[in-house]
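Participant: Below is the file data28.cif, with mmCIF, N, CA and C atoms.
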```cif
data_data
loop_
_atom_site.label_atom_id
_atom_site.label_comp_id
_atom_site.auth_asym_id
_atom_site.auth_seq_id
_atom_site.Cartn_x
_atom_site.Cartn_y
_atom_site.Cartn_z
N GLN A 604 0.84 -1.18 0.00
CA GLN A 604 0.00 0.00 0.00
C GLN A 604 0.88 1.23 0.00
N LEU A 605 0.74 2.05 -1.04
CA LEU A 605 1.52 3.27 -1.15
C LEU A 605 1.00 4.28 -0.14
N ARG A 606 1.93 4.86 0.64
CA ARG A 606 1.50 5.73 1.72
C ARG A 606 2.51 6.83 1.97
N PRO A 607 2.17 8.08 1.60
CA PRO A 607 3.02 9.22 1.98
C PRO A 607 2.69 9.66 3.41
N VAL A 608 3.71 10.03 4.16
CA VAL A 608 3.52 10.53 5.53
C VAL A 608 4.29 11.83 5.68
N GLU A 609 3.56 12.90 5.99
CA GLU A 609 4.16 14.21 6.14
C GLU A 609 4.58 14.44 7.59
N SER A 610 5.61 15.27 7.75
CA SER A 610 6.04 15.71 9.08
C SER A 610 6.74 17.05 8.95
N GLY A 611 6.94 17.70 10.09
CA GLY A 611 7.70 18.94 10.09
C GLY A 611 6.89 20.21 10.22
N GLY A 612 5.58 20.08 10.24
CA GLY A 612 4.76 21.28 10.39
C GLY A 612 4.87 21.86 11.79
N GLY A 613 4.28 23.03 11.97
CA GLY A 613 4.31 23.65 13.28
C GLY A 613 3.94 25.11 13.21
N LEU A 614 4.20 25.80 14.31
CA LEU A 614 3.92 27.23 14.43
C LEU A 614 5.22 28.01 14.31
N VAL A 615 5.23 29.01 13.47
CA VAL A 615 6.43 29.81 13.26
C VAL A 615 6.02 31.26 13.05
N GLN A 616 6.90 32.16 13.41
CA GLN A 616 6.63 33.58 13.20
C GLN A 616 6.86 33.97 11.75
N SER A 617 6.22 35.03 11.34
CA SER A 617 6.42 35.56 10.00
C SER A 617 7.91 35.83 9.76
N GLY A 618 8.39 35.39 8.59
CA GLY A 618 9.80 35.52 8.28
C GLY A 618 10.63 34.31 8.65
N GLY A 619 10.05 33.40 9.38
CA GLY A 619 10.76 32.21 9.81
C GLY A 619 10.79 31.12 8.76
N SER A 620 11.32 29.97 9.16
CA SER A 620 11.51 28.84 8.24
C SER A 620 11.01 27.55 8.86
N LEU A 621 10.59 26.65 7.98
CA LEU A 621 10.25 25.28 8.36
C LEU A 621 10.70 24.37 7.23
N ARG A 622 10.99 23.12 7.59
CA ARG A 622 11.25 22.12 6.56
C ARG A 622 10.27 20.97 6.74
N LEU A 623 9.48 20.74 5.73
CA LEU A 623 8.55 19.62 5.73
C LEU A 623 9.22 18.41 5.08
N SER A 624 8.85 17.25 5.58
CA SER A 624 9.34 16.00 5.01
C SER A 624 8.15 15.14 4.59
N CYS A 625 8.36 14.40 3.53
CA CYS A 625 7.35 13.44 3.06
C CYS A 625 8.07 12.11 2.88
N ALA A 626 7.79 11.20 3.77
CA ALA A 626 8.38 9.86 3.70
C ALA A 626 7.36 8.93 3.06
N VAL A 627 7.85 8.12 2.14
CA VAL A 627 6.93 7.27 1.39
C VAL A 627 7.34 5.81 1.52
N SER A 628 6.35 4.95 1.67
CA SER A 628 6.60 3.52 1.73
C SER A 628 5.59 2.80 0.86
N GLY A 629 5.91 1.58 0.53
CA GLY A 629 4.95 0.74 -0.17
C GLY A 629 5.09 0.71 -1.68
N PHE A 630 6.11 1.42 -2.22
CA PHE A 630 6.29 1.36 -3.67
C PHE A 630 7.72 1.76 -4.01
N THR A 631 8.06 1.63 -5.29
CA THR A 631 9.40 2.03 -5.75
C THR A 631 9.44 3.53 -5.88
N PHE A 632 10.03 4.16 -4.88
CA PHE A 632 9.95 5.61 -4.71
C PHE A 632 10.42 6.38 -5.94
N ASP A 633 11.50 5.93 -6.55
CA ASP A 633 12.04 6.73 -7.65
C ASP A 633 11.29 6.52 -8.96
N ASN A 634 10.13 5.88 -8.92
CA ASN A 634 9.24 5.82 -10.07
C ASN A 634 8.12 6.86 -10.00
N TYR A 635 8.15 7.69 -8.94
CA TYR A 635 7.00 8.55 -8.68
C TYR A 635 7.37 10.03 -8.61
N VAL A 636 6.51 10.83 -9.23
CA VAL A 636 6.51 12.27 -9.03
C VAL A 636 5.88 12.54 -7.67
N ILE A 637 6.47 13.49 -6.94
CA ILE A 637 5.92 13.88 -5.64
C ILE A 637 5.54 15.35 -5.67
N GLY A 638 4.38 15.65 -5.17
CA GLY A 638 3.92 17.04 -5.10
C GLY A 638 3.53 17.44 -3.69
N TRP A 639 3.69 18.72 -3.42
CA TRP A 639 3.21 19.32 -2.17
C TRP A 639 2.03 20.22 -2.52
N PHE A 640 0.95 20.04 -1.78
CA PHE A 640 -0.24 20.86 -1.93
C PHE A 640 -0.58 21.45 -0.57
N ARG A 641 -1.42 22.49 -0.57
CA ARG A 641 -1.85 23.04 0.71
C ARG A 641 -3.30 23.48 0.61
N GLN A 642 -3.93 23.49 1.76
CA GLN A 642 -5.33 23.91 1.83
C GLN A 642 -5.54 24.75 3.07
N ALA A 643 -5.91 26.00 2.84
CA ALA A 643 -6.23 26.91 3.93
C ALA A 643 -7.73 26.82 4.21
N PRO A 644 -8.16 27.19 5.41
CA PRO A 644 -9.58 27.14 5.75
C PRO A 644 -10.43 27.90 4.75
N GLY A 645 -11.46 27.27 4.24
CA GLY A 645 -12.38 27.92 3.32
C GLY A 645 -11.88 28.06 1.90
N LYS A 646 -10.71 27.48 1.63
CA LYS A 646 -10.14 27.60 0.28
C LYS A 646 -9.93 26.21 -0.33
N GLU A 647 -9.79 26.21 -1.65
CA GLU A 647 -9.51 24.95 -2.33
C GLU A 647 -8.05 24.54 -2.12
N ARG A 648 -7.84 23.24 -2.27
CA ARG A 648 -6.46 22.75 -2.18
C ARG A 648 -5.70 23.20 -3.43
N GLU A 649 -4.50 23.72 -3.21
CA GLU A 649 -3.72 24.26 -4.32
C GLU A 649 -2.33 23.63 -4.36
N GLY A 650 -1.77 23.57 -5.54
CA GLY A 650 -0.42 23.05 -5.70
C GLY A 650 0.61 24.05 -5.23
N VAL A 651 1.61 23.56 -4.54
CA VAL A 651 2.70 24.40 -4.03
C VAL A 651 3.98 24.14 -4.81
N SER A 652 4.35 22.88 -4.91
CA SER A 652 5.58 22.52 -5.60
C SER A 652 5.55 21.03 -5.91
N CYS A 653 6.32 20.65 -6.93
CA CYS A 653 6.42 19.23 -7.26
C CYS A 653 7.81 18.95 -7.82
N ILE A 654 8.17 17.67 -7.80
CA ILE A 654 9.49 17.27 -8.25
C ILE A 654 9.37 15.96 -9.00
N SER A 655 10.10 15.85 -10.08
CA SER A 655 10.04 14.65 -10.91
C SER A 655 10.70 13.47 -10.20
N SER A 656 10.51 12.28 -10.76
CA SER A 656 10.98 11.07 -10.12
C SER A 656 12.50 11.06 -9.92
N SER A 657 13.23 11.64 -10.86
CA SER A 657 14.70 11.69 -10.76
C SER A 657 15.19 12.90 -9.97
N GLY A 658 14.30 13.86 -9.78
CA GLY A 658 14.69 15.11 -9.13
C GLY A 658 15.18 16.17 -10.11
N GLY A 659 15.18 15.83 -11.39
CA GLY A 659 15.72 16.75 -12.37
C GLY A 659 14.81 17.90 -12.75
N TYR A 660 13.54 17.76 -12.49
CA TYR A 660 12.56 18.80 -12.83
C TYR A 660 11.77 19.16 -11.59
N THR A 661 11.52 20.46 -11.47
CA THR A 661 10.70 20.96 -10.37
C THR A 661 9.75 22.03 -10.90
N ASN A 662 8.73 22.29 -10.14
CA ASN A 662 7.80 23.36 -10.48
C ASN A 662 7.31 23.98 -9.17
N TYR A 663 7.03 25.28 -9.20
CA TYR A 663 6.58 25.99 -8.02
C TYR A 663 5.40 26.90 -8.36
N ALA A 664 4.53 27.04 -7.40
CA ALA A 664 3.49 28.06 -7.52
C ALA A 664 4.16 29.44 -7.47
N ASP A 665 3.58 30.39 -8.18
CA ASP A 665 4.16 31.74 -8.21
C ASP A 665 4.26 32.32 -6.80
N SER A 666 3.33 31.99 -5.95
CA SER A 666 3.29 32.57 -4.62
C SER A 666 4.44 32.12 -3.72
N VAL A 667 5.13 31.05 -4.10
CA VAL A 667 6.22 30.54 -3.25
C VAL A 667 7.58 30.57 -3.94
N LYS A 668 7.60 30.93 -5.19
CA LYS A 668 8.88 30.98 -5.91
C LYS A 668 9.88 31.89 -5.21
N GLY A 669 11.10 31.40 -5.09
CA GLY A 669 12.14 32.17 -4.43
C GLY A 669 12.16 32.01 -2.92
N ARG A 670 11.11 31.40 -2.36
CA ARG A 670 11.05 31.21 -0.91
C ARG A 670 11.07 29.72 -0.52
N PHE A 671 10.47 28.88 -1.34
CA PHE A 671 10.39 27.45 -1.04
C PHE A 671 11.31 26.69 -1.99
N THR A 672 11.87 25.60 -1.50
CA THR A 672 12.71 24.74 -2.31
C THR A 672 12.32 23.29 -2.06
N ILE A 673 12.05 22.58 -3.15
CA ILE A 673 11.71 21.16 -3.04
C ILE A 673 12.93 20.33 -3.43
N SER A 674 13.11 19.21 -2.75
CA SER A 674 14.21 18.31 -3.07
C SER A 674 13.80 16.90 -2.69
N ARG A 675 14.57 15.93 -3.17
CA ARG A 675 14.26 14.55 -2.82
C ARG A 675 15.54 13.77 -2.62
N ASP A 676 15.45 12.80 -1.74
CA ASP A 676 16.55 11.88 -1.49
C ASP A 676 16.01 10.48 -1.77
N ASN A 677 16.30 9.97 -2.94
CA ASN A 677 15.72 8.68 -3.32
C ASN A 677 16.30 7.52 -2.50
N ALA A 678 17.46 7.72 -1.92
CA ALA A 678 18.02 6.68 -1.06
C ALA A 678 17.24 6.57 0.25
N LYS A 679 16.60 7.66 0.64
CA LYS A 679 15.83 7.67 1.89
C LYS A 679 14.33 7.67 1.65
N ASP A 680 13.93 7.59 0.37
CA ASP A 680 12.50 7.59 0.03
C ASP A 680 11.78 8.79 0.66
N THR A 681 12.40 9.93 0.55
CA THR A 681 11.87 11.13 1.22
C THR A 681 11.98 12.36 0.31
N VAL A 682 10.96 13.17 0.36
CA VAL A 682 10.96 14.47 -0.32
C VAL A 682 10.88 15.55 0.75
N TYR A 683 11.57 16.64 0.52
CA TYR A 683 11.61 17.75 1.46
C TYR A 683 11.05 19.02 0.83
N LEU A 684 10.46 19.85 1.64
CA LEU A 684 10.04 21.18 1.22
C LEU A 684 10.60 22.17 2.22
N GLN A 685 11.65 22.87 1.81
CA GLN A 685 12.25 23.90 2.65
C GLN A 685 11.48 25.20 2.42
N MET A 686 10.94 25.73 3.49
CA MET A 686 10.10 26.93 3.38
C MET A 686 10.76 28.05 4.18
N ASN A 687 11.19 29.08 3.47
CA ASN A 687 11.84 30.23 4.08
C ASN A 687 10.96 31.47 3.90
N SER A 688 11.28 32.50 4.66
CA SER A 688 10.55 33.78 4.58
C SER A 688 9.04 33.55 4.62
N LEU A 689 8.62 32.76 5.56
CA LEU A 689 7.21 32.40 5.64
C LEU A 689 6.34 33.61 5.95
N LYS A 690 5.14 33.59 5.39
CA LYS A 690 4.17 34.66 5.55
C LYS A 690 2.89 34.10 6.17
N PRO A 691 2.10 34.94 6.80
CA PRO A 691 0.83 34.44 7.36
C PRO A 691 -0.05 33.76 6.32
N GLU A 692 0.02 34.22 5.09
CA GLU A 692 -0.80 33.61 4.03
C GLU A 692 -0.32 32.23 3.63
N ASP A 693 0.80 31.78 4.16
CA ASP A 693 1.27 30.41 3.94
C ASP A 693 0.61 29.43 4.91
N THR A 694 -0.14 29.95 5.86
CA THR A 694 -0.83 29.10 6.83
C THR A 694 -1.82 28.18 6.14
N ALA A 695 -1.67 26.88 6.38
CA ALA A 695 -2.52 25.88 5.72
C ALA A 695 -2.14 24.50 6.22
N VAL A 696 -2.94 23.53 5.85
CA VAL A 696 -2.54 22.14 5.99
C VAL A 696 -1.79 21.77 4.71
N TYR A 697 -0.61 21.23 4.87
CA TYR A 697 0.23 20.85 3.73
C TYR A 697 0.16 19.34 3.52
N TYR A 698 -0.10 18.96 2.28
CA TYR A 698 -0.25 17.56 1.92
C TYR A 698 0.83 17.15 0.92
N CYS A 699 1.28 15.94 1.07
CA CYS A 699 2.19 15.33 0.13
C CYS A 699 1.40 14.33 -0.72
N ALA A 700 1.70 14.26 -2.00
CA ALA A 700 0.97 13.35 -2.87
C ALA A 700 1.92 12.77 -3.92
N ALA A 701 1.54 11.63 -4.46
CA ALA A 701 2.39 10.93 -5.41
C ALA A 701 1.60 10.50 -6.65
N VAL A 702 2.30 10.50 -7.77
CA VAL A 702 1.73 10.01 -9.03
C VAL A 702 2.86 9.34 -9.80
N HIS A 703 2.52 8.28 -10.53
CA HIS A 703 3.56 7.56 -11.27
C HIS A 703 4.21 8.45 -12.33
N ARG A 704 5.46 8.23 -12.59
CA ARG A 704 6.23 9.09 -13.49
C ARG A 704 5.71 9.07 -14.93
N GLU A 705 4.89 8.09 -15.30
CA GLU A 705 4.32 8.09 -16.66
C GLU A 705 3.42 9.30 -16.87
N SER A 706 3.00 9.94 -15.79
CA SER A 706 2.15 11.14 -15.88
C SER A 706 2.93 12.41 -15.53
N THR A 707 4.24 12.38 -15.67
CA THR A 707 5.08 13.50 -15.24
C THR A 707 4.63 14.82 -15.82
N THR A 708 4.55 14.90 -17.14
CA THR A 708 4.26 16.19 -17.77
C THR A 708 2.89 16.71 -17.36
N GLN A 709 1.90 15.84 -17.41
CA GLN A 709 0.53 16.28 -17.09
C GLN A 709 0.39 16.68 -15.63
N ALA A 710 1.10 15.98 -14.76
CA ALA A 710 0.94 16.22 -13.32
C ALA A 710 1.77 17.41 -12.83
N MET A 711 2.85 17.74 -13.56
CA MET A 711 3.76 18.77 -13.09
C MET A 711 3.60 20.11 -13.77
N PHE A 712 3.23 20.14 -15.03
CA PHE A 712 3.26 21.39 -15.79
C PHE A 712 1.94 21.62 -16.52
N PRO A 713 0.95 22.27 -15.86
CA PRO A 713 1.02 22.77 -14.47
C PRO A 713 0.71 21.66 -13.47
N MET A 714 0.84 21.93 -12.20
CA MET A 714 0.48 20.96 -11.18
C MET A 714 -1.02 20.70 -11.25
N THR A 715 -1.36 19.44 -11.45
CA THR A 715 -2.76 19.07 -11.62
C THR A 715 -3.16 18.13 -10.49
N ARG A 716 -3.86 18.69 -9.53
CA ARG A 716 -4.18 17.97 -8.30
C ARG A 716 -4.88 16.64 -8.56
N LEU A 717 -5.81 16.63 -9.48
CA LEU A 717 -6.64 15.46 -9.69
C LEU A 717 -5.86 14.27 -10.24
N LEU A 718 -4.65 14.49 -10.76
CA LEU A 718 -3.87 13.39 -11.31
C LEU A 718 -3.08 12.64 -10.24
N TYR A 719 -2.95 13.22 -9.07
CA TYR A 719 -2.17 12.58 -8.01
C TYR A 719 -3.02 11.51 -7.33
N ASP A 720 -2.46 10.31 -7.26
CA ASP A 720 -3.25 9.16 -6.81
C ASP A 720 -3.17 8.88 -5.32
N TYR A 721 -2.05 9.22 -4.71
CA TYR A 721 -1.81 8.81 -3.33
C TYR A 721 -1.53 10.04 -2.49
N TRP A 722 -2.24 10.14 -1.38
CA TRP A 722 -2.18 11.34 -0.54
C TRP A 722 -1.87 10.99 0.91
N GLY A 723 -1.11 11.89 1.53
CA GLY A 723 -0.89 11.77 2.96
C GLY A 723 -2.01 12.44 3.74
N GLN A 724 -1.88 12.41 5.06
CA GLN A 724 -2.91 12.96 5.94
C GLN A 724 -2.74 14.45 6.18
N GLY A 725 -1.59 14.99 5.85
CA GLY A 725 -1.37 16.42 5.99
C GLY A 725 -0.67 16.80 7.28
N THR A 726 -0.01 17.95 7.24
CA THR A 726 0.64 18.51 8.42
C THR A 726 0.33 20.01 8.47
N GLN A 727 -0.01 20.49 9.65
CA GLN A 727 -0.43 21.89 9.79
C GLN A 727 0.78 22.82 9.86
N VAL A 728 0.72 23.87 9.08
CA VAL A 728 1.71 24.95 9.15
C VAL A 728 0.96 26.23 9.50
N THR A 729 1.38 26.88 10.58
CA THR A 729 0.76 28.12 11.01
C THR A 729 1.83 29.18 11.14
N VAL A 730 1.62 30.29 10.43
CA VAL A 730 2.58 31.40 10.45
C VAL A 730 1.90 32.58 11.13
N SER A 731 2.46 33.01 12.24
CA SER A 731 1.89 34.13 12.97
C SER A 731 2.51 35.44 12.52
N SER A 732 1.70 36.49 12.57
CA SER A 732 2.20 37.81 12.12
C SER A 732 2.85 38.57 13.25
#
```
What is this structure when it is put down as structure tokens?
Facilitator:
Amino acid sequence: QLRPVESGGGLVQSGGSLRLSCAVSGFTFDNYVIGWFRQAPGKEREGVSCISSSGGYTNYADSVKGRFTISRDNAKDTVYLQMNSLKPEDTAVYYCAAVHRESTTQAMFPMTRLLYDYWGQGTQVTVSS
């Protein structure tokens, strides 16, 4: 059973940093595109960033470009989202999701939420002003 598990969320002041981790088990990790999505109260879930199976391609939402960095360690079956210069509007539940690499282009450019097959339970990120 493919299962992403997020960790690293928490409460941070505006301008601070957090690093989220997404650990995945149950499948061949380096065959999968991994995406980070977020959902704020009363809003739709939106794509934040994604990374190709090899790590060679990434994509970011305009709202986080220059502040967030996605990376993956295929030896550890883990994807990271380094979030710097956090703003109150970054407050949301952050979800990790996976889709097989055969859907790389469609799932990454642009990030298409409905194509991601496997989802974690989410981790809360709260940025105080």
Participant: Take atom CA of Lys679 of chain A and atom CA of Val730 of chain A and report the distance between them in Å, one decimal.
Facilitator: 28.5 Å
Participant: Evaluating the PyMOL selection byres ((chain A and resi 640) around 6.5) on the displayed file yields which residues, as a list in words?
Facilitator: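 Taken over the shown coordinates, the PyMOL selection byres ((chain A and resi 640) around 6.5) returns Gly638, Trp639, Arg641, Gln642, Arg648, Glu649, Gly650, Val651, Ser652, Val696, Tyr697, Tyr698, Cys699 and Ala700 of chain A.
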Participant: May I ask which of the residues A:Leu689, A:Gly611, A:Ala710, A:Leu717 is the closest one to Val636 of chain A, counting all atoms listed in the file?
Facilitator: A:Ala710
Participant: As number ranges by chain, please: every residue in chain A that a backbone DSSP assignment puts in strand (DSSP E or B).
Facilitator: A: 606-610, 613-616, 621-628, 635-642, 649-654, 661-663, 671-676, 681-686, 695-703, 714, 721-722, 726-731
Participant: Residues near Ser666 of chain A, anyone? I mean within 10 Å using only C-alpha atoms, not counting same-chain ones fewer than 2 positions away, as number ranges by chain.
Facilitator: A: 651, 663-664, 668-671, 692-693
Participant: Name the residues captured by the PyMOL selection byres ((chain A and resi 623) around 6.5) when it is applied to the shown file; answer as a list in words.
Facilitator: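 Residues picked by the PyMOL selection byres ((chain A and resi 623) around 6.5): Ser610, Gly611, Gly612, Leu621, Arg622, Ser624, Cys625, Val682, Tyr683, Leu684, Gln685 and Met686 of chain A.
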Participant: Have a look at A:Pro713, A:Gly619, A:Pro691, A:Gly659 and name the one nearest to Ser731 of chain A; count only C-alpha atoms.
Facilitator: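 Residue with the minimum atom-to-atom distance to Ser731 of chain A: A:Pro691.
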Participant: Find, counting only C-alpha atoms, the residue in A:Ile673, A:Ala643, A:Ile637, A:Val728 that gets nearest to Ser706 of chain A.
Facilitator: A:Ile637
Participant: Contacts of Val627 of chain A at 6 Å or less, counting all atoms listed in the file, minus same-chain residues fewer than 6 places along, as a PyMOL selection string?
Facilitator: chain A and resi 606-608+680-681
Participant: Near Thr707 of chain A, counting all atoms listed in the file, which residues have an atom at most 8 Å away, once you skip same-chain residues fewer than 3 positions from it, shown as a PDB file with N, CA and C atoms, in the coordinates of the input?
Facilitator:
```
ATOM      1  N   TYR A 635       8.150   7.690  -8.940  1.00  0.00           N
ATOM      2  CA  TYR A 635       7.000   8.550  -8.680  1.00  0.00           C
ATOM      3  C   TYR A 635       7.370  10.030  -8.610  1.00  0.00           C
ATOM      4  N   VAL A 636       6.510  10.830  -9.230  1.00  0.00           N
ATOM      5  CA  VAL A 636       6.510  12.270  -9.030  1.00  0.00           C
ATOM      6  C   VAL A 636       5.880  12.540  -7.670  1.00  0.00           C
ATOM      7  N   ILE A 654       8.170  17.670  -7.800  1.00  0.00           N
ATOM      8  CA  ILE A 654       9.490  17.270  -8.250  1.00  0.00           C
ATOM      9  C   ILE A 654       9.370  15.960  -9.000  1.00  0.00           C
ATOM     10  N   SER A 655      10.100  15.850 -10.080  1.00  0.00           N
ATOM     11  CA  SER A 655      10.040  14.650 -10.910  1.00  0.00           C
ATOM     12  C   SER A 655      10.700  13.470 -10.200  1.00  0.00           C
ATOM     13  N   SER A 656      10.510  12.280 -10.760  1.00  0.00           N
ATOM     14  CA  SER A 656      10.980  11.070 -10.120  1.00  0.00           C
ATOM     15  C   SER A 656      12.500  11.060  -9.920  1.00  0.00           C
ATOM     16  N   VAL A 702       2.300  10.500  -7.770  1.00  0.00           N
ATOM     17  CA  VAL A 702       1.730  10.010  -9.030  1.00  0.00           C
ATOM     18  C   VAL A 702       2.860   9.340  -9.800  1.00  0.00           C
ATOM     19  N   HIS A 703       2.520   8.280 -10.530  1.00  0.00           N
ATOM     20  CA  HIS A 703       3.560   7.560 -11.270  1.00  0.00           C
ATOM     21  C   HIS A 703       4.210   8.450 -12.330  1.00  0.00           C
ATOM     22  N   ARG A 704       5.460   8.230 -12.590  1.00  0.00           N
ATOM     23  CA  ARG A 704       6.230   9.090 -13.490  1.00  0.00           C
ATOM     24  C   ARG A 704       5.710   9.070 -14.930  1.00  0.00           C
ATOM     25  N   ALA A 710       1.100  15.980 -14.760  1.00  0.00           N
ATOM     26  CA  ALA A 710       0.940  16.220 -13.320  1.00  0.00           C
ATOM     27  C   ALA A 710       1.770  17.410 -12.830  1.00  0.00           C
ATOM     28  N   MET A 711       2.850  17.740 -13.560  1.00  0.00           N
ATOM     29  CA  MET A 711       3.760  18.770 -13.090  1.00  0.00           C
ATOM     30  C   MET A 711       3.600  20.110 -13.770  1.00  0.00           C
ATOM     31  N   PHE A 712       3.230  20.140 -15.030  1.00  0.00           N
ATOM     32  CA  PHE A 712       3.260  21.390 -15.790  1.00  0.00           C
ATOM     33  C   PHE A 712       1.940  21.620 -16.520  1.00  0.00           C
TER      34      PHE A 712
END
```
Participant: Go through A:Met714, A:Glu609, A:Ala695, A:Asp676 and flag the residue nearest Thr661 of chain A, using only C-alpha atoms for the distances.
Facilitator: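 Smallest separation from Thr661 of chain A among the options: A:Met714.
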Participant: Quick check for you: according to DSSP on this backbone, which residues of chain A are classed as helix (DSSP H, G or I)? Reply as a PDB file with N, CA and C atoms, in the coordinates of the input.
Facilitator:
```
ATOM      1  N   PHE A 632      10.030   4.160  -4.880  1.00  0.00           N
ATOM      2  CA  PHE A 632       9.950   5.610  -4.710  1.00  0.00           C
ATOM      3  C   PHE A 632      10.420   6.380  -5.940  1.00  0.00           C
ATOM      4  N   ASP A 633      11.500   5.930  -6.550  1.00  0.00           N
ATOM      5  CA  ASP A 633      12.040   6.730  -7.650  1.00  0.00           C
ATOM      6  C   ASP A 633      11.290   6.520  -8.960  1.00  0.00           C
ATOM      7  N   ASN A 634      10.130   5.880  -8.920  1.00  0.00           N
ATOM      8  CA  ASN A 634       9.240   5.820 -10.070  1.00  0.00           C
ATOM      9  C   ASN A 634       8.120   6.860 -10.000  1.00  0.00           C
ATOM     10  N   PRO A 691       2.100  34.940   6.800  1.00  0.00           N
ATOM     11  CA  PRO A 691       0.830  34.440   7.360  1.00  0.00           C
ATOM     12  C   PRO A 691      -0.050  33.760   6.320  1.00  0.00           C
ATOM     13  N   GLU A 692       0.020  34.220   5.090  1.00  0.00           N
ATOM     14  CA  GLU A 692      -0.800  33.610   4.030  1.00  0.00           C
ATOM     15  C   GLU A 692      -0.320  32.230   3.630  1.00  0.00           C
ATOM     16  N   ASP A 693       0.800  31.780   4.160  1.00  0.00           N
ATOM     17  CA  ASP A 693       1.270  30.410   3.940  1.00  0.00           C
ATOM     18  C   ASP A 693       0.610  29.430   4.910  1.00  0.00           C
ATOM     19  N   ARG A 704       5.460   8.230 -12.590  1.00  0.00           N
ATOM     20  CA  ARG A 704       6.230   9.090 -13.490  1.00  0.00           C
ATOM     21  C   ARG A 704       5.710   9.070 -14.930  1.00  0.00           C
ATOM     22  N   GLU A 705       4.890   8.090 -15.300  1.00  0.00           N
ATOM     23  CA  GLU A 705       4.320   8.090 -16.660  1.00  0.00           C
ATOM     24  C   GLU A 705       3.420   9.300 -16.870  1.00  0.00           C
ATOM     25  N   SER A 706       3.000   9.940 -15.790  1.00  0.00           N
ATOM     26  CA  SER A 706       2.150  11.140 -15.880  1.00  0.00           C
ATOM     27  C   SER A 706       2.930  12.410 -15.530  1.00  0.00           C
ATOM     28  N   THR A 707       4.240  12.380 -15.670  1.00  0.00           N
ATOM     29  CA  THR A 707       5.080  13.500 -15.240  1.00  0.00           C
ATOM     30  C   THR A 707       4.630  14.820 -15.820  1.00  0.00           C
ATOM     31  N   THR A 708       4.550  14.900 -17.140  1.00  0.00           N
ATOM     32  CA  THR A 708       4.260  16.190 -17.770  1.00  0.00           C
ATOM     33  C   THR A 708       2.890  16.710 -17.360  1.00  0.00           C
ATOM     34  N   GLN A 709       1.900  15.840 -17.410  1.00  0.00           N
ATOM     35  CA  GLN A 709       0.530  16.280 -17.090  1.00  0.00           C
ATOM     36  C   GLN A 709       0.390  16.680 -15.630  1.00  0.00           C
ATOM     37  N   ALA A 710       1.100  15.980 -14.760  1.00  0.00           N
ATOM     38  CA  ALA A 710       0.940  16.220 -13.320  1.00  0.00           C
ATOM     39  C   ALA A 710       1.770  17.410 -12.830  1.00  0.00           C
ATOM     40  N   MET A 711       2.850  17.740 -13.560  1.00  0.00           N
ATOM     41  CA  MET A 711       3.760  18.770 -13.090  1.00  0.00           C
ATOM     42  C   MET A 711       3.600  20.110 -13.770  1.00  0.00           C
ATOM     43  N   ARG A 716      -3.860  18.690  -9.530  1.00  0.00           N
ATOM     44  CA  ARG A 716      -4.180  17.970  -8.300  1.00  0.00           C
ATOM     45  C   ARG A 716      -4.880  16.640  -8.560  1.00  0.00           C
ATOM     46  N   LEU A 717      -5.810  16.630  -9.480  1.00  0.00           N
ATOM     47  CA  LEU A 717      -6.640  15.460  -9.690  1.00  0.00           C
ATOM     48  C   LEU A 717      -5.860  14.270 -10.240  1.00  0.00           C
ATOM     49  N   LEU A 718      -4.650  14.490 -10.760  1.00  0.00           N
ATOM     50  CA  LEU A 718      -3.870  13.390 -11.310  1.00  0.00           C
ATOM     51  C   LEU A 718      -3.080  12.640 -10.240  1.00  0.00           C
TER      52      LEU A 718
END
```
Participant: Between atom N of Phe632 of chain A and atom N of Thr672 of chain A, what is the distance in Å, rounded to a tenth?
Facilitator: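 Rounded to one decimal, the two atoms are 21.8 Å apart.
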